[in-house]
Amino acid sequence: MKLQELLTQKRDKLLADWEDILLGEYQKDTFRIFKKQKNQFANPIGHKTRVGLAELFDVICDESDDEVVTPDLRQLLKVRALQPISPSQAVGFIFKIKDMIAAECKKEGMDTLYIEFLAFCARVDAAALAVFDIFAQSREQLLQARLNEVESGRNIIVESSVCPSRLLKDNIKRGNKP
C-alpha cells in the first residue's frame, strides 16, 4: 500500500483525531461543546477548526500542491491569534499529524512506506512554517490595531492617570519606539 492510499483511506479518522488534539487544548466543557455542536453559526470556532484542518490535511497530502495557505486555515489561525497562547502553542498542532501518520504506517508496515513518509514529513514541516507566518501576521495585525487605539486616544480612561497605555502614547509623541 502506498502512503497516499493510506492517507485517503484513513482521512476521516486522522482528521477526527487531529481535531481532538487541537480542541483538547480547551477546557473540558468547551471541548464538549465544540465537538457536539456542528452548526457553523452556533459554533464558529469548532467549524473553523474542522474546515481548516481538513483543508490543511488535503494540501499536505497532495504532493503536487505547493500552496499551503488556504482561506479556512487563515481563519483558524486568526482565531488562534486572539487566544492568550504562545506562537509555538498556536501552531504546534501541525506537527502532531506526523506522529499520527507514523502510527498508521507502522500498522501497515513502515518499511514499504518509509521514504514516502519522509517526503510527507517534509511537506508537513513546510506547511508548519507557512502556518507560523500566518499566525505571526495575524498577531501583528492585532497589535497594530491596539497601537492605533493608543495613538488615537480611545484607550485613555482618565486623562490624569498614568497608565501603561498613556506612557506608550507619550513615548510615541517623543519619537521613541514602543
# chains A, B, ... in the order shown; residues from 1 in each chain; ligands from 1

call {"tool": "residues_around", "arguments": {"residues": "segment 34-45 of chain A", "least_positions_apart": "3", "cutoff": "8 Å", "atoms": "only C-alpha atoms", "output": "list in words"}}
result
Leu23, Thr30, Phe31, Lys48, Thr49, Leu76 and Val79 of chain A

call {"tool": "select_by_dssp", "arguments": {"residues": "segment 12-82 of chain A", "states": "alpha helix (DSSP H)", "output": "short mmCIF file (atom, residue, chain, number, x, y, z; two decimals) with C-alpha atoms, in the first residue's frame"}}
result
data_model
loop_
_atom_site.label_atom_id
_atom_site.label_comp_id
_atom_site.auth_asym_id
_atom_site.auth_seq_id
_atom_site.Cartn_x
_atom_site.Cartn_y
_atom_site.Cartn_z
CA ASP A 12 -11.74 10.77 8.35
CA LYS A 13 -10.18 9.00 11.33
CA LEU A 14 -6.99 11.06 11.14
CA LEU A 15 -8.94 14.31 10.87
CA ALA A 16 -11.14 13.41 13.84
CA ASP A 17 -8.08 12.55 15.95
CA TRP A 18 -6.25 15.72 14.85
CA GLU A 19 -9.31 17.81 15.69
CA ASP A 20 -9.47 16.17 19.13
CA ILE A 21 -5.83 17.09 19.75
CA LEU A 22 -6.36 20.72 18.76
CA LEU A 23 -9.67 21.17 20.57
CA LYS A 28 -13.38 20.01 29.04
CA ASP A 29 -16.76 21.78 28.85
CA THR A 30 -15.61 23.89 25.93
CA PHE A 31 -14.19 20.84 24.19
CA ARG A 32 -17.51 19.02 24.59
CA ILE A 33 -19.43 21.95 23.07
CA PHE A 34 -17.00 22.26 20.16
CA LYS A 35 -17.29 18.54 19.40
CA LYS A 36 -21.05 18.24 19.86
CA PRO A 44 -17.82 29.12 14.67
CA ILE A 45 -14.56 28.09 16.36
CA GLY A 46 -15.33 24.38 16.11
CA HIS A 47 -16.39 24.85 12.50
CA LYS A 48 -13.27 26.84 11.57
CA THR A 49 -11.13 24.20 13.26
CA ARG A 50 -12.79 21.32 11.37
CA VAL A 51 -12.71 23.04 7.99
CA GLY A 52 -9.21 24.50 8.45
CA LEU A 53 -7.73 21.15 9.47
CA ALA A 54 -9.46 19.36 6.59
CA GLU A 55 -8.07 21.86 4.09
CA LEU A 56 -4.59 21.66 5.59
CA PHE A 57 -4.69 17.86 5.59
CA ASP A 58 -5.71 17.79 1.92
CA VAL A 59 -2.99 20.28 0.98
CA ILE A 60 -0.16 18.45 2.73
CA CYS A 61 -1.35 15.11 1.36
CA PRO A 71 -8.74 30.72 3.35
CA ASP A 72 -10.15 28.48 6.09
CA LEU A 73 -6.70 27.77 7.51
CA ARG A 74 -6.07 31.52 7.61
CA GLN A 75 -9.32 31.96 9.57
CA LEU A 76 -8.37 29.20 12.00
CA LEU A 77 -5.04 30.91 12.67
CA LYS A 78 -6.70 34.28 13.17
CA VAL A 79 -8.88 32.68 15.84
CA ARG A 80 -5.76 31.20 17.47
CA ALA A 81 -4.02 34.60 17.30
#

call {"tool": "atom_distance", "arguments": {"atom1": "atom CA of Lys10 of chain A", "atom2": "atom CA of Gly92 of chain A"}}
result
21.8 Å

call {"tool": "closest_residue", "arguments": {"among": "A:Asp62, A:Ser88, A:Glu25, A:Gln83", "to": "Phe132 of chain A", "atoms": "only C-alpha atoms"}}
result
A:Ser88

call {"tool": "closest_residue", "arguments": {"among": "A:Cys105, A:Met100, A:Leu168, A:Asp125", "to": "Arg146 of chain A", "atoms": "only C-alpha atoms"}}
result
A:Leu168

call {"tool": "atom_distance", "arguments": {"atom1": "atom CA of Glu149 of chain A", "atom2": "atom CA of Ile85 of chain A"}}
result
22.3 Å

call {"tool": "closest_residue", "arguments": {"among": "A:Ser86, A:Ala128, A:Ile101, A:Leu6", "to": "Val69 of chain A", "atoms": "only C-alpha atoms"}}
result
A:Ala128

call {"tool": "atom_distance", "arguments": {"atom1": "atom CA of Arg11 of chain A", "atom2": "atom CA of Glu104 of chain A"}}
result
11.1 Å
